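Raw contents of query-v6.tsv, TSV, C-alpha atoms:
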chain	number	residue	atom	x	y	z
R	454	MET	CA	-17.91	-13.19	19.08
R	455	LYS	CA	-21.43	-11.88	18.58
R	456	SER	CA	-22.96	-12.86	15.25
R	457	TYR	CA	-24.40	-10.17	12.97
R	458	ARG	CA	-26.76	-10.54	10.05
R	459	TYR	CA	-25.38	-7.85	7.74
R	460	PHE	CA	-21.77	-7.43	8.85
R	461	ASP	CA	-20.36	-9.70	6.13
R	462	LEU	CA	-22.35	-7.89	3.43
R	463	VAL	CA	-21.02	-4.50	4.49
R	464	MET	CA	-17.48	-5.92	4.61
R	465	ALA	CA	-17.86	-7.40	1.10
R	466	ALA	CA	-19.12	-4.07	-0.26
R	467	PHE	CA	-16.23	-2.25	1.42
R	468	VAL	CA	-13.60	-4.57	-0.09
R	469	ALA	CA	-15.23	-4.53	-3.55
R	470	VAL	CA	-15.22	-0.73	-3.65
R	471	LEU	CA	-11.61	-0.66	-2.50
R	472	LEU	CA	-10.36	-3.08	-5.18
R	473	VAL	CA	-12.26	-1.50	-8.07
R	474	SER	CA	-11.12	2.00	-7.10
R	475	ASN	CA	-7.49	0.85	-6.92
R	476	ILE	CA	-7.68	-0.46	-10.48
R	477	ALA	CA	-9.43	2.70	-11.70
R	478	SER	CA	-6.77	4.89	-10.07
R	479	SER	CA	-4.10	3.67	-12.47
R	480	ALA	CA	-6.42	3.36	-15.48
R	481	LYS	CA	-7.36	6.98	-16.14
R	482	ILE	CA	-6.91	10.60	-15.08
R	483	VAL	CA	-10.21	12.50	-15.33
R	484	ASP	CA	-10.54	16.19	-16.21
R	485	TRP	CA	-14.00	17.77	-16.15
R	486	GLY	CA	-12.63	21.14	-17.24
R	487	VAL	CA	-13.11	22.78	-13.84
R	488	SER	CA	-10.52	25.13	-12.31
R	489	ILE	CA	-10.19	26.94	-8.98
R	490	TYR	CA	-8.05	30.09	-9.11
R	491	GLY	CA	-6.32	28.74	-12.19
R	492	LEU	CA	-5.66	25.30	-10.68
R	493	ARG	CA	-7.02	22.59	-12.96
R	494	LEU	CA	-8.98	20.02	-10.93
R	495	SER	CA	-7.90	16.69	-12.39
R	496	PHE	CA	-8.26	13.45	-10.43
R	497	ASP	CA	-7.53	9.76	-10.86
R	498	GLY	CA	-10.39	7.46	-11.82
R	499	GLY	CA	-10.48	5.74	-8.46
R	500	THR	CA	-11.63	8.95	-6.83
R	501	LEU	CA	-15.10	8.42	-8.32
R	502	LEU	CA	-15.64	5.31	-6.21
R	503	PHE	CA	-13.08	5.31	-3.40
R	504	PRO	CA	-15.01	7.77	-1.15
R	505	LEU	CA	-17.66	5.07	-0.73
R	506	SER	CA	-15.12	2.98	1.20
R	507	TYR	CA	-15.00	5.75	3.81
R	508	ILE	CA	-18.79	5.80	4.00
R	509	PHE	CA	-18.79	2.04	4.60
R	510	GLY	CA	-16.01	2.55	7.13
R	511	ASP	CA	-18.12	5.15	8.95
R	512	ILE	CA	-21.09	2.78	9.02
R	513	LEU	CA	-18.98	-0.10	10.34
R	514	THR	CA	-17.43	1.95	13.15
R	515	GLU	CA	-20.68	3.70	14.08
R	516	VAL	CA	-22.69	0.48	14.36
R	517	TYR	CA	-20.23	-2.30	15.20
R	518	GLY	CA	-17.37	-0.36	16.79
R	519	TYR	CA	-13.70	0.27	16.05
R	520	ALA	CA	-12.54	-3.32	16.67
R	521	HIS	CA	-14.86	-4.77	14.02
R	522	SER	CA	-13.98	-1.98	11.63
R	523	ARG	CA	-10.30	-2.76	12.23
R	524	ARG	CA	-10.84	-6.36	11.06
R	525	VAL	CA	-12.50	-5.13	7.88
R	526	ILE	CA	-9.71	-2.62	7.22
R	527	TRP	CA	-7.13	-5.40	7.50
R	528	MET	CA	-9.20	-7.61	5.21
R	529	GLY	CA	-9.24	-4.84	2.62
R	530	PHE	CA	-5.49	-4.37	3.07
R	531	ALA	CA	-4.84	-8.07	2.50
R	532	CYS	CA	-7.11	-8.24	-0.56
R	533	SER	CA	-5.41	-5.18	-2.09
R	534	ALA	CA	-2.00	-6.76	-1.58
R	535	VAL	CA	-3.15	-10.02	-3.18
R	536	MET	CA	-4.66	-8.16	-6.14
R	537	SER	CA	-1.47	-6.18	-6.70
R	538	PHE	CA	0.63	-9.36	-6.54
R	539	PHE	CA	-1.65	-11.06	-9.07
R	540	PHE	CA	-1.36	-8.18	-11.55
R	541	PHE	CA	2.40	-8.15	-11.04
R	542	LEU	CA	2.50	-11.89	-11.76
R	543	LEU	CA	0.26	-11.44	-14.81
R	544	SER	CA	2.43	-8.64	-16.19
R	545	SER	CA	5.51	-10.88	-16.03
R	546	MET	CA	3.89	-13.68	-18.08
R	547	PRO	CA	4.39	-13.86	-21.87
R	548	GLY	CA	1.48	-12.61	-23.95
R	549	ASP	CA	-0.40	-14.61	-26.59
R	550	ALA	CA	0.56	-13.72	-30.18
R	551	ASN	CA	-3.01	-12.79	-31.20
R	552	TRP	CA	-3.46	-10.68	-28.07
R	553	MET	CA	-0.15	-8.93	-28.78
R	554	SER	CA	-1.41	-7.93	-32.24
R	555	TYR	CA	-4.39	-5.92	-31.00
R	556	ALA	CA	-3.41	-5.07	-27.42
R	557	GLY	CA	0.15	-5.85	-26.39
R	558	GLU	CA	2.33	-5.34	-23.34
R	559	ASP	CA	2.62	-1.59	-23.83
R	560	LYS	CA	-1.14	-1.05	-23.64
R	561	PHE	CA	-1.50	-3.45	-20.75
R	562	ASN	CA	1.24	-1.70	-18.80
R	563	ALA	CA	-0.15	1.73	-19.66
R	564	ILE	CA	-3.60	0.87	-18.26
R	565	LEU	CA	-3.14	-1.87	-15.65
R	566	GLY	CA	0.59	-1.82	-15.09
R	567	GLY	CA	0.15	0.78	-12.37
R	568	VAL	CA	-1.80	-1.71	-10.24
R	569	SER	CA	1.29	-3.94	-10.12
R	570	SER	CA	3.98	-1.26	-10.06
R	571	GLY	CA	5.88	-0.77	-6.82
R	572	GLY	CA	4.95	2.89	-6.59
R	573	ILE	CA	1.21	2.49	-6.83
R	574	ILE	CA	1.22	-0.51	-4.49
R	575	ILE	CA	3.18	1.30	-1.80
R	576	ALA	CA	1.18	4.50	-2.25
R	577	SER	CA	-2.16	2.68	-2.11
R	578	LEU	CA	-1.38	0.50	0.89
R	579	VAL	CA	0.29	3.22	3.00
R	580	ALA	CA	-2.41	5.79	2.23
R	581	TYR	CA	-5.19	3.25	2.82
R	582	PHE	CA	-3.73	2.09	6.14
R	583	CYS	CA	-3.18	5.60	7.51
R	584	GLY	CA	-6.40	7.09	6.15
R	585	GLU	CA	-8.83	4.33	7.10
R	586	PHE	CA	-7.53	3.89	10.63
R	587	SER	CA	-7.51	7.66	11.18
R	588	ASN	CA	-11.09	7.88	9.94
R	589	SER	CA	-12.28	5.03	12.17
R	590	TYR	CA	-10.40	6.32	15.23
R	591	VAL	CA	-11.74	9.87	14.93
R	592	LEU	CA	-15.32	8.70	14.42
R	593	ALA	CA	-15.17	6.29	17.38
R	594	LYS	CA	-13.76	8.99	19.68
R	595	MET	CA	-16.27	11.61	18.50
R	596	LYS	CA	-19.16	9.22	19.13
R	597	VAL	CA	-18.13	8.90	22.76
R	598	TRP	CA	-17.55	12.66	23.10
R	599	THR	CA	-20.95	13.52	21.59
R	600	GLU	CA	-22.72	10.67	23.43
R	601	GLY	CA	-24.03	9.38	20.11
R	602	LYS	CA	-25.60	12.68	19.03
R	603	TRP	CA	-25.10	14.57	15.76
R	604	LEU	CA	-24.00	11.68	13.56
R	605	TRP	CA	-23.22	14.06	10.69
R	606	THR	CA	-20.51	15.82	12.71
R	607	ARG	CA	-18.48	12.64	13.13
R	608	THR	CA	-19.05	11.19	9.65
R	609	ILE	CA	-17.92	14.44	8.03
R	610	GLY	CA	-15.33	15.27	10.70
R	611	SER	CA	-13.68	11.86	10.48
R	612	THR	CA	-13.68	12.08	6.68
R	613	LEU	CA	-11.96	15.48	6.75
R	614	VAL	CA	-9.13	13.89	8.72
R	615	GLY	CA	-9.01	10.45	7.09
R	616	GLU	CA	-9.39	11.57	3.49
R	617	GLY	CA	-6.88	14.37	4.04
R	618	ILE	CA	-4.24	11.94	5.26
R	619	ASP	CA	-5.13	9.38	2.59
R	620	THR	CA	-5.05	11.86	-0.30
R	621	ALA	CA	-1.81	13.55	0.75
R	622	ALA	CA	-0.04	10.23	1.33
R	623	PHE	CA	-1.25	8.57	-1.86
R	624	ILE	CA	-0.50	11.42	-4.26
R	625	THR	CA	2.84	12.22	-2.64
R	626	ILE	CA	4.15	8.64	-2.66
R	627	ALA	CA	2.77	7.86	-6.14
R	628	THR	CA	4.34	11.04	-7.54
R	629	LEU	CA	7.69	10.27	-5.91
R	630	PHE	CA	7.63	6.90	-7.67
R	631	GLY	CA	6.76	8.52	-11.01
R	632	VAL	CA	3.19	7.24	-11.26
R	633	PHE	CA	1.89	10.82	-11.61
R	634	PRO	CA	3.85	13.82	-12.96
R	635	TRP	CA	4.79	16.59	-10.52
R	636	SER	CA	2.95	19.04	-12.77
R	637	LEU	CA	-0.33	17.44	-11.64
R	638	PHE	CA	0.57	17.15	-7.94
R	639	TRP	CA	-1.44	20.04	-6.47
R	640	SER	CA	-4.24	19.58	-8.96
R	641	LEU	CA	-4.64	15.94	-7.94
R	642	VAL	CA	-4.36	16.65	-4.20
R	643	VAL	CA	-6.91	19.48	-4.18
R	644	ALA	CA	-9.34	17.86	-6.61
R	645	ASN	CA	-9.21	14.48	-4.87
R	646	TYR	CA	-9.75	15.98	-1.42
R	647	ILE	CA	-12.61	18.26	-2.44
R	648	PHE	CA	-14.36	15.51	-4.39
R	649	LYS	CA	-14.00	12.89	-1.63
R	650	VAL	CA	-15.27	15.17	1.13
R	651	SER	CA	-18.12	16.38	-1.09
R	652	ILE	CA	-19.23	12.78	-1.68
R	653	GLU	CA	-19.30	12.20	2.08
R	654	VAL	CA	-21.47	15.28	2.58
R	655	LEU	CA	-23.85	14.42	-0.26
R	656	PHE	CA	-24.25	10.84	0.96
R	657	THR	CA	-25.05	11.88	4.54
R	658	PRO	CA	-28.79	11.07	4.16
R	659	PHE	CA	-27.86	7.58	2.89
R	660	THR	CA	-25.45	7.13	5.81
R	661	TYR	CA	-28.19	8.07	8.28
R	662	ARG	CA	-30.60	5.55	6.76
R	663	ALA	CA	-28.02	2.76	6.60
R	664	VAL	CA	-26.87	3.34	10.17
R	665	GLY	CA	-30.44	3.50	11.47
R	666	PHE	CA	-31.41	0.31	9.64
R	667	LEU	CA	-28.38	-1.63	10.87
R	668	LYS	CA	-28.72	-0.47	14.47
R	669	ARG	CA	-32.33	-1.64	14.51
R	670	THR	CA	-31.85	-4.98	12.77
R	671	GLU	CA	-28.52	-5.89	14.38
R	672	GLN	CA	-29.59	-4.53	17.79
R	673	GLU	CA	-26.17	-2.98	18.10
R	674	ASP	CA	-24.95	0.56	18.76
R	675	PHE	CA	-21.44	0.15	20.07
R	676	TYR	CA	-19.53	2.82	22.01
R	677	ASP	CA	-15.72	2.52	22.09
R	678	ARG	CA	-15.29	3.59	25.69
R	679	GLU	CA	-12.78	0.86	26.65
R	680	THR	CA	-11.47	-0.08	23.23
R	681	ASP	CA	-7.83	-0.80	22.49
R	682	PHE	CA	-7.19	1.46	19.48
R	683	ASN	CA	-3.94	-0.23	18.52
R	684	PRO	CA	-4.38	-0.76	14.75
R	685	PHE	CA	-2.28	-3.95	14.91
R	686	SER	CA	-4.41	-5.63	17.55
R	687	VAL	CA	-6.71	-8.44	16.42
R	688	VAL	CA	-8.87	-8.56	19.54
R	689	VAL	CA	-12.64	-8.08	19.13
R	690	ARG	CA	-14.94	-8.06	22.13
R	691	GLY	CA	-17.40	-10.92	22.40

Have the structure of the file written as structure tokens, please.
Amino acid sequence: MKSYRYFDLVMAAFVAVLLVSNIASSAKIVDWGVSIYGLRLSFDGGTLLFPLSYIFGDILTEVYGYAHSRRVIWMGFACSAVMSFFFFLLSSMPGDANWMSYAGEDKFNAILGGVSSGGIIIASLVAYFCGEFSNSYVLAKMKVWTEGKWLWTRTIGSTLVGEGIDTAAFITIATLFGVFPWSLFWSLVVANYIFKVSIEVLFTPFTYRAVGFLKRTEQEDFYDRETDFNPFSVVVRG
């Protein structure tokens, strides 16, 4: 397999953003007091950071290709599963008496319990899997169709698809499991989607610079013309 100078750094940033956003998702619901046609735009805390994972995903697919991006997506999936298992294990352990006096199980479960609850785990992993692979697939196909032109069309276009699938899946599954109340369902779906897509648009100049820098330094600009897009495949071209 071809060696790259910055691939591991981009992968580490991708995974870090993913893990922090998953914790923030269960920690707080944010309300900036904005409404659209009477619909209050509230969103979970992870929404502030999670869109960056899609930007990193765009950069990985654009520069290194779908197969390398697929490896990173699976690495993020595995790390999320391990993190959720650790918090589940931690929540089942007895608390120290002094800690119980100022914090306690109730506060722990209210803030971090969602990271280890079955609902948030299933919602996060299913939404992540479907959204990230959709995003990478659409971008890779659009790059071939556009012959590498108009980068902004595929970064935004792939985000519209990937974030739409991710947001709908995550909020729906989490709500079904009781993580979020049904009264906030449409507010969370609309606010999350608008915010995530807006971040992608606003960060387009950064994406252009990052992609340009990596293509020059890595001497790579991969086109997925003969790629196996099976998300379960582990094959990466040499």

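By only C-alpha atoms, and with residues fewer than 5 positions from segment 496-511 of chain R along its chain excluded, the set lying at most 7 Å from it is Val463, Phe467, Val470, Leu471, Ser474, Asn475, Ala477, Ser478, Ala480, Lys481, Ile482, Val483, Asp484, Ser522, Ser589, Thr608, Leu641, Ala644, Asn645, Lys649, Ile652 and Glu653 of chain R.
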
>> Between atom CA of Tyr661 of chain R and atom CA of Ala520 of chain R, what is the distance in Å, rounded to a tenth?
In response: 21.1 Å

> Distance atom CA of Ile575 of chain R-atom CA of Tyr646 of chain R, one decimal place?
Replying inline: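 Atom CA of Tyr646 of chain R lies 19.6 Å from atom CA of Ile575 of chain R.
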
> atom CA of Gly631 of chain R to atom CA of Val614 of chain R: how many Å, to one decimal?
Replying inline: 25.9 Å

> For Ala622 of chain R, which residue out of R:Leu578, R:Val654, R:Leu604, R:Ala593 is the nearest one, using all atoms listed in the file?
Replying inline: R:Leu578

>> Which residue is closest to Ser636 of chain R? Choose from R:Arg493, R:Ser488, R:Trp527, R:Ile618 and count only C-alpha atoms.
In response: R:Arg493

> Neighbours of Leu592 of chain R within 10 Å (all atoms listed in the file; same-chain residues fewer than 6 positions away dropped), as a PyMOL selection string?
Replying inline: chain R and resi 510-512+514-515+518-519+586+598+604+606-612+614-615+677

Could you give me the centre and size, in Å to one decimal, of an axis-aligned box around all listed atoms of segment 621-638 of chain R with 3 Å added on every side, as JSON?
{"center_x": 2.9, "center_y": 13.0, "center_z": -5.8, "size_x": 15.5, "size_y": 18.1, "size_z": 20.3}

> Of the residues R:Ser495, R:Val664, R:Tyr457, R:Ser533, which is the one nearest to Gly601 of chain R, using all atoms listed in the file?
Replying inline: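 Among the listed residues, the smallest separation from Gly601 of chain R belongs to R:Val664.
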
> In terms of the shortest atom-to-atom distance over all atoms listed in the file, which of R:Leu637, R:Cys583, R:Met546, R:Ala469 is closest to Glu616 of chain R?
Replying inline: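 Under the stated criterion, the closest residue is R:Cys583.
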
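Considering the residues R:Val516, R:Ala465, R:Ala534, R:Met528 and counting all atoms listed in the file, Gln672 of chain R has its shortest atom-to-atom contact with R:Val516.
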
> Which is closest to Arg669 of chain R among R:Arg458, R:Gly486, R:Val468, R:Gly584, if we use all atoms listed in the file?
Replying inline: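 Closest to Arg669 of chain R, using all atoms listed in the file: R:Arg458.
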
> Ile624 of chain R: which residues within 9 Å, counting all atoms listed in the file, same-chain residues fewer than 6 positions away excluded, as a VMD selection string?
Replying inline: chain R and resid 576 580 632 to 633 638 to 639 641 to 642
